[in-house]
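Pasted below: protein.csv, CSV, C-alpha atoms.
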chain,number,residue,atom,x,y,z
A,1,MET,CA,12.2,4.1,-33.0
A,2,ARG,CA,12.8,4.1,-29.3
A,3,ALA,CA,15.7,2.0,-28.0
A,4,ARG,CA,15.2,0.1,-24.8
A,5,ALA,CA,17.7,-0.4,-22.1
A,6,LEU,CA,19.0,-3.9,-21.4
A,7,ALA,CA,16.8,-5.7,-19.0
A,8,GLY,CA,17.6,-4.8,-15.4
A,9,LYS,CA,20.5,-2.7,-16.4
A,10,LEU,CA,21.0,0.9,-15.8
A,11,SER,CA,21.4,2.3,-19.3
A,12,PRO,CA,18.5,4.6,-19.1
A,13,VAL,CA,17.3,5.9,-22.4
A,14,ILE,CA,16.6,9.6,-22.3
A,15,LEU,CA,14.4,10.6,-25.2
A,16,ALA,CA,13.4,13.9,-26.5
A,17,ILE,CA,9.7,13.5,-27.0
A,18,GLY,CA,8.5,17.1,-27.5
A,19,ALA,CA,5.6,16.5,-25.2
A,20,GLY,CA,5.6,20.1,-23.9
A,21,ALA,CA,4.5,21.4,-20.6
A,22,PRO,CA,0.9,21.1,-19.4
A,23,ALA,CA,-1.5,24.0,-19.6
A,24,ILE,CA,-2.1,24.0,-15.9
A,25,GLY,CA,0.7,25.6,-13.9
A,26,HIS,CA,2.4,23.1,-11.6
A,27,HIS,CA,5.8,23.1,-10.0
A,28,SER,CA,6.8,20.1,-12.0
A,29,THR,CA,7.6,22.3,-14.9
A,30,ILE,CA,10.5,23.8,-13.0
A,31,TYR,CA,11.9,20.6,-11.6
A,32,PHE,CA,11.5,18.1,-14.5
A,33,ASP,CA,12.1,18.1,-18.2
A,34,LEU,CA,8.7,17.4,-19.6
A,35,ASP,CA,10.0,17.2,-23.1
A,36,ALA,CA,12.1,14.1,-22.4
A,37,GLU,CA,11.7,10.6,-21.0
A,38,ILE,CA,13.9,8.3,-19.1
A,39,VAL,CA,13.2,4.5,-19.3
A,40,HIS,CA,14.2,1.8,-16.9
A,41,GLU,CA,13.3,-1.9,-17.3
A,42,ASN,CA,12.9,-4.7,-14.8
A,43,VAL,CA,13.4,-2.6,-11.8
A,44,ARG,CA,13.1,-3.8,-8.2
A,45,VAL,CA,10.7,-2.0,-5.9
A,46,VAL,CA,12.4,-0.6,-2.8
A,47,ALA,CA,9.3,1.3,-1.5
A,48,PHE,CA,6.1,2.7,-2.8
A,49,HIS,CA,4.3,5.5,-1.0
A,50,VAL,CA,1.1,7.1,-2.0
A,51,THR,CA,1.0,10.3,0.0
A,52,ASN,CA,0.4,14.0,-0.2
A,53,PRO,CA,1.8,16.3,-1.5
A,54,HIS,CA,3.4,13.6,-3.7
A,55,GLY,CA,3.9,9.9,-3.7
A,56,VAL,CA,7.2,8.3,-4.3
A,57,LEU,CA,8.2,5.1,-6.1
A,58,VAL,CA,11.7,4.1,-5.0
A,59,TYR,CA,13.3,1.4,-7.1
A,60,ALA,CA,16.6,-0.1,-7.8
A,61,VAL,CA,18.4,-0.8,-11.1
A,62,THR,CA,21.7,-2.4,-11.8
A,63,ASP,CA,24.2,-0.5,-13.7
A,64,ASP,CA,26.6,-1.9,-16.3
A,65,ALA,CA,29.2,-2.5,-13.6
A,66,GLY,CA,26.8,-4.6,-11.6
A,67,ASN,CA,26.2,-1.9,-9.0
A,68,GLU,CA,22.7,-1.3,-7.7
A,69,VAL,CA,21.5,2.3,-8.1
A,70,VAL,CA,18.4,3.6,-6.3
A,71,TRP,CA,16.1,6.0,-8.1
A,72,ASN,CA,13.2,8.0,-6.8
A,73,ALA,CA,10.2,8.8,-8.9
A,74,GLU,CA,7.7,11.4,-7.8
A,75,LEU,CA,4.0,10.6,-8.2
A,76,PRO,CA,1.1,12.9,-8.3
A,77,SER,CA,-0.6,13.6,-5.0
A,78,ALA,CA,-2.3,10.7,-3.1
A,79,ASN,CA,-5.7,12.4,-3.9
A,80,PHE,CA,-5.1,12.3,-7.6
A,81,THR,CA,-3.3,8.9,-7.6
A,82,MET,CA,-6.1,7.1,-5.6
A,83,ARG,CA,-8.8,8.8,-7.7
A,84,GLY,CA,-7.1,7.0,-10.6
A,85,GLY,CA,-7.4,3.6,-8.9
A,86,ILE,CA,-3.8,3.3,-7.9
A,87,PHE,CA,-3.1,2.5,-4.3
A,88,GLU,CA,-0.1,1.9,-2.1
A,89,SER,CA,-1.0,-1.8,-1.6
A,90,MET,CA,-0.4,-2.5,-5.3
A,91,LEU,CA,3.3,-2.6,-4.9
A,92,SER,CA,5.5,-4.1,-2.3
A,93,PRO,CA,9.3,-4.1,-1.7
A,94,GLY,CA,10.9,-6.8,-3.9
A,95,ASP,CA,8.3,-6.6,-6.6
A,96,VAL,CA,9.7,-6.3,-10.1
A,97,ILE,CA,8.3,-3.6,-12.5
A,98,PRO,CA,9.0,-4.4,-16.1
A,99,VAL,CA,8.9,-0.8,-17.4
A,100,VAL,CA,9.2,2.5,-15.6
A,101,VAL,CA,9.1,5.7,-17.6
A,102,GLY,CA,9.7,9.1,-16.0
A,103,TRP,CA,10.3,12.7,-16.8
A,104,PRO,CA,14.0,13.3,-15.8
A,105,GLY,CA,14.8,15.8,-13.1
A,106,ILE,CA,16.5,18.9,-14.3
A,107,PRO,CA,20.2,18.9,-13.1
A,108,GLY,CA,20.7,21.5,-10.5
A,109,ARG,CA,17.0,21.7,-9.6
A,110,THR,CA,16.5,18.2,-8.4
A,111,ARG,CA,18.8,15.8,-6.7
A,112,GLU,CA,20.5,13.0,-8.6
A,113,HIS,CA,18.5,9.9,-9.7
A,114,PHE,CA,15.1,11.7,-9.4
A,115,THR,CA,12.3,11.6,-11.9
A,116,ARG,CA,8.6,12.4,-12.2
A,117,LEU,CA,6.8,9.2,-12.9
A,118,LYS,CA,5.0,9.1,-16.2
A,119,ARG,CA,3.9,5.5,-16.5
A,120,MET,CA,4.8,2.0,-15.4
A,121,THR,CA,3.9,-1.4,-16.7
A,122,MET,CA,3.2,-3.8,-13.9
A,123,ALA,CA,4.2,-7.4,-13.8
A,124,ASN,CA,0.6,-8.5,-14.5
A,125,GLY,CA,0.4,-6.2,-17.5
A,126,ASP,CA,-1.6,-3.5,-16.0
A,127,MET,CA,-0.4,0.0,-16.9
A,128,ALA,CA,-0.4,3.0,-14.7
A,129,THR,CA,-0.1,6.3,-16.4
A,130,PHE,CA,0.2,9.7,-14.9
A,131,THR,CA,-0.1,13.3,-15.8
A,132,ILE,CA,1.0,16.1,-13.6
A,133,THR,CA,-2.4,16.1,-11.9
A,134,SER,CA,-4.0,12.7,-12.6
A,135,ALA,CA,-3.5,9.0,-12.6
A,136,THR,CA,-5.1,6.2,-14.6
A,137,LEU,CA,-4.9,2.5,-14.2
A,138,THR,CA,-5.5,0.5,-17.4
A,139,PRO,CA,-6.0,-3.3,-16.8
A,140,ALA,CA,-3.9,-5.6,-18.9
A,141,GLU,CA,-6.9,-7.1,-20.7
A,142,THR,CA,-7.9,-3.7,-22.1
A,143,GLY,CA,-4.4,-2.2,-22.5
B,1,MET,CA,-23.3,47.8,-6.4
B,2,ARG,CA,-20.8,48.7,-3.6
B,3,ILE,CA,-21.9,49.3,0.0
B,4,VAL,CA,-20.3,52.3,1.5
B,5,GLY,CA,-20.7,54.4,4.6
B,6,LEU,CA,-21.2,51.6,7.1
B,7,PRO,CA,-19.8,51.6,10.6
B,8,SER,CA,-16.6,49.6,10.5
B,9,VAL,CA,-15.9,46.4,12.4
B,10,ARG,CA,-13.1,48.3,14.1
B,11,ASP,CA,-15.3,50.9,15.7
B,12,ARG,CA,-17.6,48.3,17.0
B,13,ALA,CA,-14.7,46.3,18.4
B,14,ARG,CA,-13.1,49.3,20.1
B,15,SER,CA,-16.4,50.1,21.8
B,16,HIS,CA,-16.0,46.9,23.8
B,17,ALA,CA,-12.6,47.7,25.4
B,18,GLY,CA,-10.8,44.6,26.7
B,19,VAL,CA,-12.8,42.2,24.4
B,20,GLY,CA,-12.3,44.0,21.2
B,21,LEU,CA,-10.6,41.2,19.4
B,22,LEU,CA,-12.9,38.6,20.8
B,23,ALA,CA,-15.9,40.7,19.9
B,24,SER,CA,-14.7,41.0,16.3
B,25,LEU,CA,-14.0,37.3,16.0
B,26,ALA,CA,-17.4,36.6,17.5
B,27,ILE,CA,-18.9,38.8,14.8
B,28,VAL,CA,-17.2,36.9,12.1
B,29,MET,CA,-17.9,33.5,13.7
B,30,THR,CA,-21.6,34.2,14.1
B,31,GLY,CA,-21.8,34.8,10.4
B,32,GLY,CA,-22.0,38.5,10.7
B,33,LEU,CA,-25.4,38.4,12.4
B,34,LEU,CA,-24.4,41.3,14.6
B,35,HIS,CA,-22.7,43.2,11.7
B,36,PRO,CA,-24.5,46.4,10.8
B,37,GLY,CA,-23.7,46.1,7.1
B,38,ALA,CA,-26.5,45.1,4.8
B,39,PRO,CA,-25.6,41.9,2.9
B,40,VAL,CA,-25.9,42.1,-0.8
B,41,HIS,CA,-27.9,39.3,-2.4
B,42,ALA,CA,-26.0,37.2,-4.9
B,43,GLN,CA,-26.2,38.3,-8.5
B,44,ALA,CA,-25.1,34.9,-9.8
B,45,ASP,CA,-25.1,31.3,-8.5
B,46,PHE,CA,-21.7,30.0,-7.9
B,47,GLU,CA,-22.7,27.3,-5.4
B,48,GLY,CA,-21.6,23.7,-5.8
B,49,ILE,CA,-18.6,21.6,-6.3
B,50,TRP,CA,-16.3,22.6,-9.1
B,51,VAL,CA,-13.4,20.7,-10.6
B,52,ILE,CA,-10.6,22.1,-12.7
B,53,ASN,CA,-11.3,22.3,-16.4
B,54,PRO,CA,-7.8,22.0,-18.0
B,55,ARG,CA,-8.8,22.8,-21.6
B,56,PRO,CA,-6.4,24.4,-24.0
B,57,GLY,CA,-6.7,28.1,-23.8
B,58,VAL,CA,-6.9,28.4,-20.1
B,59,ARG,CA,-3.6,30.1,-19.6
B,60,GLY,CA,-2.9,29.5,-15.9
B,61,ALA,CA,0.2,31.3,-14.8
B,62,PRO,CA,2.1,33.5,-17.3
B,63,SER,CA,5.0,32.0,-19.1
B,64,GLU,CA,8.5,33.1,-18.0
B,65,ASP,CA,9.0,35.4,-21.0
B,66,GLU,CA,5.8,37.2,-20.2
B,67,ILE,CA,6.8,38.1,-16.7
B,68,ARG,CA,8.4,41.5,-16.1
B,69,TYR,CA,10.4,41.3,-12.9
B,70,THR,CA,11.9,44.2,-11.1
B,71,PRO,CA,15.6,43.7,-10.4
B,72,ALA,CA,14.7,42.7,-6.8
B,73,GLY,CA,12.1,40.3,-8.1
B,74,ARG,CA,14.4,38.6,-10.5
B,75,ALA,CA,17.1,38.2,-7.8
B,76,GLU,CA,14.5,36.6,-5.4
B,77,TRP,CA,13.3,34.3,-8.2
B,78,GLU,CA,16.9,33.1,-8.9
B,79,ARG,CA,17.2,32.1,-5.2
B,80,PHE,CA,14.3,29.7,-5.2
B,81,GLY,CA,14.9,26.0,-5.1
B,82,ALA,CA,13.4,22.7,-4.1
B,83,GLU,CA,14.9,22.9,-0.7
B,84,VAL,CA,12.8,25.9,0.2
B,85,ASP,CA,9.6,25.0,-1.8
B,86,PRO,CA,6.8,25.3,0.8
B,87,SER,CA,4.6,22.8,-1.2
B,88,PHE,CA,6.9,20.0,-0.1
B,89,ARG,CA,6.5,20.9,3.5
B,90,CYS,CA,2.7,20.9,3.6
B,91,ILE,CA,2.3,24.6,3.9
B,92,MET,CA,-1.0,25.6,2.4
B,93,PRO,CA,-0.7,27.9,-0.7
B,94,GLY,CA,-3.1,30.6,0.3
B,95,ILE,CA,-3.2,33.7,-1.8
B,96,PRO,CA,-1.7,34.3,-4.4
B,97,ARG,CA,0.2,31.0,-4.6
B,98,GLY,CA,-2.9,29.0,-4.6
B,99,PHE,CA,-4.4,30.5,-7.8
B,100,THR,CA,-3.5,27.5,-9.9
B,101,ASP,CA,-4.8,25.0,-7.3
B,102,PRO,CA,-5.9,21.9,-9.4
B,103,TYR,CA,-8.1,20.3,-6.8
B,104,PRO,CA,-11.8,20.5,-6.4
B,105,ILE,CA,-13.4,23.3,-4.6
B,106,GLU,CA,-16.9,23.8,-3.1
B,107,ILE,CA,-18.5,27.2,-3.0
B,108,ILE,CA,-21.1,28.2,-0.5
B,109,GLN,CA,-22.9,31.5,-0.8
B,110,GLN,CA,-24.3,33.3,2.2
B,111,ASP,CA,-25.7,36.8,2.2
B,112,HIS,CA,-22.7,38.2,4.1
B,113,GLN,CA,-19.9,36.1,2.7
B,114,ILE,CA,-19.0,33.6,0.1
B,115,VAL,CA,-17.0,30.6,1.4
B,116,ILE,CA,-14.7,28.6,-0.8
B,117,LEU,CA,-13.8,25.2,0.7
B,118,HIS,CA,-10.7,23.9,-0.9
B,119,GLU,CA,-9.8,20.2,-1.0
B,120,TYR,CA,-6.2,21.4,-1.2
B,121,TYR,CA,-4.9,21.6,2.3
B,122,HIS,CA,-8.5,22.0,3.5
B,123,GLN,CA,-8.2,25.7,3.0
B,124,VAL,CA,-11.3,27.8,3.9
B,125,ARG,CA,-11.5,31.1,2.2
B,126,ARG,CA,-14.0,33.7,3.2
B,127,ILE,CA,-15.0,36.5,0.9
B,128,PHE,CA,-16.9,39.1,2.9
B,129,MET,CA,-19.8,40.6,0.9
B,130,ASP,CA,-21.3,43.0,3.5
B,131,GLY,CA,-19.1,46.0,3.0
B,132,ARG,CA,-16.7,45.4,5.9
B,133,GLU,CA,-13.0,46.3,5.7
B,134,ALA,CA,-10.1,44.5,7.3
B,135,PRO,CA,-9.7,45.6,10.9
B,136,ASP,CA,-6.5,47.5,11.8
B,137,TYR,CA,-5.4,44.6,13.9
B,138,TRP,CA,-5.8,42.0,11.1
B,139,PRO,CA,-2.4,40.3,10.6
B,140,ASN,CA,-0.9,39.3,7.3
B,141,THR,CA,-1.7,35.7,6.6
B,142,LEU,CA,-1.3,33.1,3.9
B,143,GLY,CA,-4.9,33.6,2.9
B,144,GLY,CA,-5.1,37.3,3.3
B,145,TYR,CA,-8.3,39.2,3.8
B,146,SER,CA,-10.9,39.2,1.0
B,147,THR,CA,-13.9,41.4,0.4
B,148,GLY,CA,-16.2,41.2,-2.6
B,149,ARG,CA,-18.8,43.0,-4.5
B,150,TRP,CA,-21.0,42.3,-7.6
B,151,GLU,CA,-20.5,44.1,-10.9
B,152,GLY,CA,-23.5,42.7,-12.7
B,153,GLU,CA,-23.1,39.0,-12.5
B,154,THR,CA,-19.3,39.2,-12.1
B,155,LEU,CA,-18.0,38.7,-8.6
B,156,VAL,CA,-15.1,41.1,-8.0
B,157,VAL,CA,-12.8,40.3,-5.0
B,158,ARG,CA,-10.1,42.4,-3.5
B,159,THR,CA,-7.6,40.7,-1.2
B,160,THR,CA,-5.0,42.4,1.0
B,161,HIS,CA,-3.1,41.5,4.1
B,162,MET,CA,-1.2,38.7,2.3
B,163,SER,CA,1.9,37.2,4.0
B,164,PRO,CA,5.4,38.1,2.8
B,165,ASP,CA,6.3,34.5,3.5
B,166,ASN,CA,4.1,33.4,0.6
B,167,LEU,CA,5.1,33.0,-3.0
B,168,MET,CA,3.4,34.3,-6.2
B,169,ASP,CA,2.7,30.9,-7.8
B,170,ILE,CA,3.2,27.2,-7.5
B,171,HIS,CA,6.5,27.5,-9.5
B,172,GLY,CA,8.0,29.5,-6.6
B,173,ARG,CA,8.0,32.9,-8.2
B,174,PRO,CA,8.5,35.5,-5.5
B,175,PHE,CA,5.9,37.6,-3.7
B,176,SER,CA,6.8,40.5,-1.5
B,177,GLY,CA,3.7,40.8,0.7
B,178,ALA,CA,4.6,44.5,1.0
B,179,ALA,CA,1.9,46.8,2.2
B,180,ASP,CA,1.0,47.9,-1.3
B,181,THR,CA,0.3,44.4,-2.6
B,182,TYR,CA,-3.2,43.5,-3.4
B,183,VAL,CA,-5.2,41.1,-5.7
B,184,ILE,CA,-8.2,41.7,-7.8
B,185,GLU,CA,-10.1,38.7,-8.9
B,186,ARG,CA,-13.1,38.5,-11.3
B,187,PHE,CA,-15.3,35.4,-11.2
B,188,THR,CA,-17.9,34.8,-13.9
B,189,ARG,CA,-20.1,31.9,-14.7
B,190,ASP,CA,-21.1,30.7,-18.1
B,191,GLY,CA,-23.4,27.7,-17.9
B,192,GLU,CA,-21.4,25.0,-16.2
B,193,LEU,CA,-18.1,26.8,-16.4
B,194,LEU,CA,-16.7,29.1,-13.8
B,195,SER,CA,-13.8,31.3,-14.7
B,196,ARG,CA,-11.5,33.5,-12.7
B,197,ILE,CA,-9.0,36.1,-13.8
B,198,ALA,CA,-6.7,37.2,-11.0
B,199,GLU,CA,-4.4,40.3,-11.1
B,200,VAL,CA,-1.8,40.3,-8.5
B,201,HIS,CA,-0.3,43.7,-7.9
B,202,ASP,CA,3.2,43.5,-6.4
B,203,PRO,CA,5.3,46.5,-7.5
B,204,THR,CA,8.2,45.5,-5.4
B,205,TYR,CA,8.9,42.4,-7.5
B,206,TYR,CA,7.0,43.0,-10.7
B,207,GLU,CA,6.7,45.9,-13.1
B,208,ALA,CA,3.2,44.9,-14.2
B,209,PRO,CA,0.3,43.0,-12.6
B,210,PHE,CA,0.9,39.2,-12.5
B,211,VAL,CA,-2.2,37.8,-14.3
B,212,ILE,CA,-3.4,34.2,-13.6
B,213,THR,CA,-6.4,32.6,-15.2
B,214,HIS,CA,-8.3,29.6,-14.0
B,215,GLU,CA,-11.4,27.7,-15.0
B,216,TRP,CA,-13.6,25.1,-13.4
B,217,LYS,CA,-16.5,23.0,-14.4
B,218,LEU,CA,-19.5,22.2,-12.3
B,219,GLU,CA,-19.4,18.7,-11.0
B,220,PRO,CA,-22.7,17.7,-9.4
B,221,ASP,CA,-21.4,14.4,-8.2
B,222,GLY,CA,-18.0,15.8,-7.2
B,223,GLU,CA,-16.4,14.9,-3.9
B,224,ILE,CA,-14.1,16.9,-1.7
B,225,TRP,CA,-11.6,14.5,-0.3
B,226,GLU,CA,-9.4,14.9,2.8
B,227,TYR,CA,-6.0,16.1,2.0
B,228,ALA,CA,-3.7,14.5,4.5
B,229,CYS,CA,-0.2,15.8,3.9
B,230,ASP,CA,3.1,14.3,5.0
B,231,PRO,CA,5.6,17.2,5.7
B,232,GLN,CA,8.5,14.7,5.5
B,233,PHE,CA,8.1,14.8,1.7
B,234,GLY,CA,10.5,17.7,1.8
B,235,ASP,CA,13.2,15.3,3.0
B,236,VAL,CA,12.6,12.8,0.2
B,237,GLY,CA,11.4,15.0,-2.6
B,238,PRO,CA,13.4,16.8,-5.3
B,239,GLY,CA,15.3,18.9,-2.9
B,240,GLY,CA,15.7,16.3,-0.1
B,241,ALA,CA,18.6,14.2,0.8
B,242,ILE,CA,16.9,11.1,2.1
B,243,GLN,CA,15.8,8.1,0.1
B,244,GLY,CA,12.0,7.8,-0.1
B,245,GLY,CA,11.9,4.3,1.3
B,246,SER,CA,13.9,1.5,2.8
B,247,GLU,CA,14.6,-2.1,2.1
B,248,GLY,CA,11.7,-4.1,3.5
Would you encode the structure as structure tokens?
Amino acid sequence: MRARALAGKLSPVILAIGAGAPAIGHHSTIYFDLDAEIVHENVRVVAFHVTNPHGVLVYAVTDDAGNEVVWNAELPSANFTMRGGIFESMLSPGDVIPVVVGWPGIPGRTREHFTRLKRMTMANGDMATFTITSATLTPAETG
Amino acid sequence: MRIVGLPSVRDRARSHAGVGLLASLAIVMTGGLLHPGAPVHAQADFEGIWVINPRPGVRGAPSEDEIRYTPAGRAEWERFGAEVDPSFRCIMPGIPRGFTDPYPIEIIQQDHQIVILHEYYHQVRRIFMDGREAPDYWPNTLGGYSTGRWEGETLVVRTTHMSPDNLMDIHGRPFSGAADTYVIERFTRDGELLSRIAEVHDPTYYEAPFVITHEWKLEPDGEIWEYACDPQFGDVGPGGAIQGGSEG
């Protein structure tokens, strides 16, 4: 059973999921641990950019000491993200995302507090899921 | 069938002293209409828009334990990091780094050349099919210089003149771009699938050819999108030092 971090708190849960690396070569396999997950809850959006070569979700969480820590989550390219129905206009600074799950950056290969976005559950219940080279938006009513 | 014994582009260019380079470019730009080589008619139809077919079994790039680096190659690989990753700076991958390009491509076949239009960085790749060779003045470039021939229904492409500033693959493995580097690709079509096996020969950094496989499926309703790239991602990406956004 997967334990969840306290709401809004930085107690990210890093899970070993054994997902393995994708068949298609991509640089993500050298920067991120694709066999683990890191989960944050009730994060506050700082910025959301859908761009090439990669988009970025910047979000803030509060650690156990009450300090705000900013994380960056890399998205697939804008071309793949938008093909999946996910656009920059969907998130604005200040929005709260209930759940953000990412593949953790490998220490020494990425800077601190950097992940590769795997999925996020929006406030309206929609779920955005990502692979290395694709994105999918699942509306809440069918999720 | 391989076309041999044709007057080279170089000889024709040099016969027009003072405009040799422009003449050669004009020859290429006019689609080889002035080129003396006899184009070879296509032996297979590769035309159309193709999208990546990521089925299990398509190996892509070799795994780390399959790669046989030379000492120089391993040392260069260990120096690679996010801060120097060209894909974060909007530098097109070219050849060989682009061999695992996951974006759609469009192939257009003409008698004298096969053109591959990549969505990824809007790369345009020309594979000359009329027997020409790279002119002596041809510089090393990210895309190199490609010539092709048919072996039955298999398209065999040889690429040289690749830039030493390039990398072997999207993971950042090194590529020397030395004069003895070359690539042999074999494209075959099976129904709606197009496969490619590429062998990259780089004896400076690898003790054996670096083999990369790729497969596409035909997408009749496929679209080639614009790939607008923000080079500032290098500052906010894995190797950057700037937050990717600001309070707003």
For chain A, which of B:Arg79, B:Arg89, B:Arg132, B:His118 is the closest residue, counting all atoms listed in the file?
B:Arg89
Within 10 Å of His122 (chain B), counting only C-alpha atoms, which residues qualify if same-chain residues fewer than 6 places away don't, as an NGL selection string?
:B and (92 or 105 or 224-228)
Output as JSON lines one row per residue of chain A within 10 Å of chain B: the closest atom pair and its distance in Å to one decimal place, counting all atoms listed in the file, sorted by chain and residue number ascending.
{"residue": "A:Pro22", "atom": "CA", "partner": "B:Pro54", "partner_atom": "CA", "distance": 8.9}
{"residue": "A:Ala23", "atom": "CA", "partner": "B:Arg59", "partner_atom": "CA", "distance": 6.5}
{"residue": "A:Ile24", "atom": "CA", "partner": "B:Gly60", "partner_atom": "CA", "distance": 5.6}
{"residue": "A:Gly25", "atom": "CA", "partner": "B:Gly60", "partner_atom": "CA", "distance": 5.7}
{"residue": "A:His26", "atom": "CA", "partner": "B:Ile170", "partner_atom": "CA", "distance": 5.9}
{"residue": "A:His27", "atom": "CA", "partner": "B:His171", "partner_atom": "CA", "distance": 4.5}
{"residue": "A:Ser28", "atom": "CA", "partner": "B:His171", "partner_atom": "CA", "distance": 7.8}
{"residue": "A:Thr29", "atom": "CA", "partner": "B:His171", "partner_atom": "CA", "distance": 7.6}
{"residue": "A:Ile30", "atom": "CA", "partner": "B:His171", "partner_atom": "CA", "distance": 6.5}
{"residue": "A:Tyr31", "atom": "CA", "partner": "B:Pro238", "partner_atom": "CA", "distance": 7.5}
{"residue": "A:Phe32", "atom": "CA", "partner": "B:Pro238", "partner_atom": "CA", "distance": 9.5}
{"residue": "A:Val45", "atom": "CA", "partner": "B:Glu247", "partner_atom": "CA", "distance": 8.9}
{"residue": "A:Val46", "atom": "CA", "partner": "B:Glu247", "partner_atom": "CA", "distance": 5.6}
{"residue": "A:Ala47", "atom": "CA", "partner": "B:Gly245", "partner_atom": "CA", "distance": 4.9}
{"residue": "A:Phe48", "atom": "CA", "partner": "B:Gly245", "partner_atom": "CA", "distance": 7.3}
{"residue": "A:His49", "atom": "CA", "partner": "B:Gly245", "partner_atom": "CA", "distance": 8.0}
{"residue": "A:Thr51", "atom": "CA", "partner": "B:Asp230", "partner_atom": "CA", "distance": 6.7}
{"residue": "A:Asn52", "atom": "CA", "partner": "B:Cys229", "partner_atom": "CA", "distance": 4.5}
{"residue": "A:Pro53", "atom": "CA", "partner": "B:Cys229", "partner_atom": "CA", "distance": 5.8}
{"residue": "A:His54", "atom": "CA", "partner": "B:Phe233", "partner_atom": "CA", "distance": 7.3}
{"residue": "A:Gly55", "atom": "CA", "partner": "B:Phe233", "partner_atom": "CA", "distance": 8.4}
{"residue": "A:Val56", "atom": "CA", "partner": "B:Gly244", "partner_atom": "CA", "distance": 6.4}
{"residue": "A:Leu57", "atom": "CA", "partner": "B:Gly244", "partner_atom": "CA", "distance": 7.6}
{"residue": "A:Val58", "atom": "CA", "partner": "B:Gly244", "partner_atom": "CA", "distance": 6.1}
{"residue": "A:Tyr59", "atom": "CA", "partner": "B:Gly245", "partner_atom": "CA", "distance": 9.0}
{"residue": "A:Val70", "atom": "CA", "partner": "B:Gln243", "partner_atom": "CA", "distance": 8.2}
{"residue": "A:Trp71", "atom": "CA", "partner": "B:Gln243", "partner_atom": "CA", "distance": 8.5}
{"residue": "A:Asn72", "atom": "CA", "partner": "B:Gly244", "partner_atom": "CA", "distance": 6.8}
{"residue": "A:Ala73", "atom": "CA", "partner": "B:Gly237", "partner_atom": "CA", "distance": 8.9}
{"residue": "A:Glu74", "atom": "CA", "partner": "B:Gly237", "partner_atom": "CA", "distance": 7.3}
{"residue": "A:Ser77", "atom": "CA", "partner": "B:Cys229", "partner_atom": "CA", "distance": 9.2}
{"residue": "A:Ala78", "atom": "CA", "partner": "B:Tyr227", "partner_atom": "CA", "distance": 8.3}
{"residue": "A:Asn79", "atom": "CA", "partner": "B:Tyr227", "partner_atom": "CA", "distance": 7.0}
{"residue": "A:Phe80", "atom": "CA", "partner": "B:Tyr103", "partner_atom": "CA", "distance": 8.6}
{"residue": "A:Arg83", "atom": "CA", "partner": "B:Trp225", "partner_atom": "CA", "distance": 9.8}
{"residue": "A:Ser92", "atom": "CA", "partner": "B:Gly248", "partner_atom": "CA", "distance": 8.5}
{"residue": "A:Pro93", "atom": "CA", "partner": "B:Gly248", "partner_atom": "CA", "distance": 5.7}
{"residue": "A:Gly94", "atom": "CA", "partner": "B:Gly248", "partner_atom": "CA", "distance": 7.9}
{"residue": "A:Gly105", "atom": "CA", "partner": "B:Pro238", "partner_atom": "CA", "distance": 8.0}
{"residue": "A:Ile106", "atom": "CA", "partner": "B:Pro238", "partner_atom": "CA", "distance": 9.7}
{"residue": "A:Gly108", "atom": "CA", "partner": "B:Gly81", "partner_atom": "CA", "distance": 9.1}
{"residue": "A:Arg109", "atom": "CA", "partner": "B:Gly81", "partner_atom": "CA", "distance": 6.6}
{"residue": "A:Thr110", "atom": "CA", "partner": "B:Pro238", "partner_atom": "CA", "distance": 4.6}
{"residue": "A:Arg111", "atom": "CA", "partner": "B:Pro238", "partner_atom": "CA", "distance": 5.7}
{"residue": "A:Glu112", "atom": "CA", "partner": "B:Pro238", "partner_atom": "CA", "distance": 8.7}
{"residue": "A:His113", "atom": "CA", "partner": "B:Pro238", "partner_atom": "CA", "distance": 9.6}
{"residue": "A:Phe114", "atom": "CA", "partner": "B:Pro238", "partner_atom": "CA", "distance": 6.8}
{"residue": "A:Thr115", "atom": "CA", "partner": "B:Pro238", "partner_atom": "CA", "distance": 8.5}
{"residue": "A:Arg116", "atom": "CA", "partner": "B:Pro238", "partner_atom": "CA", "distance": 9.5}
{"residue": "A:Ile132", "atom": "CA", "partner": "B:Pro102", "partner_atom": "CA", "distance": 9.9}
{"residue": "A:Thr133", "atom": "CA", "partner": "B:Pro102", "partner_atom": "CA", "distance": 7.2}
{"residue": "A:Ser134", "atom": "CA", "partner": "B:Pro102", "partner_atom": "CA", "distance": 9.9}
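CA of Phe187 (chain B) is found 13.7 Å from CA of Val211 (chain B).
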Take CA of Trp150 (chain B) and CA of Ile116 (chain B) and report the distance between them in Å, one decimal.
16.5 Å
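Atom to atom, CA of Gly85 (chain A) and CA of Thr136 (chain A) stand 6.7 Å apart.
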Check the smallest atom-to-atom distance from each of B:Phe175, B:Ile49, B:Gln43, B:Met168 to Val156 (chain B) using only C-alpha atoms, then report the winner.
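Of B:Phe175, B:Ile49, B:Gln43, B:Met168, the one nearest Val156 (chain B) is B:Gln43, counting only C-alpha atoms.
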Ile108 (chain B) surroundings by all atoms listed in the file, 12 Å radius, close-in-sequence under 4 positions cut, as a VMD selection string
chain B and resid 42 45 to 50 112 to 118 124 to 127
Can you list, as a list of chain:residue names, every protein, DNA or RNA residue that comes within 12 Å of Glu76 (chain B) when you count all atoms listed in the file, leaving out same-chain residues fewer than 6 positions away?
B:Tyr69, B:Thr70, B:Leu167, B:Met168, B:Gly172, B:Arg173, B:Pro174, B:Phe175, B:Ser176, B:Thr204, B:Tyr205, B:Tyr206
Have a look at A:Met120, A:Met127, A:Val43, A:Met82 and name the one nearest to Asp63 (chain A); count all atoms listed in the file.
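Result for the nearest residue to Asp63 (chain A): A:Val43.
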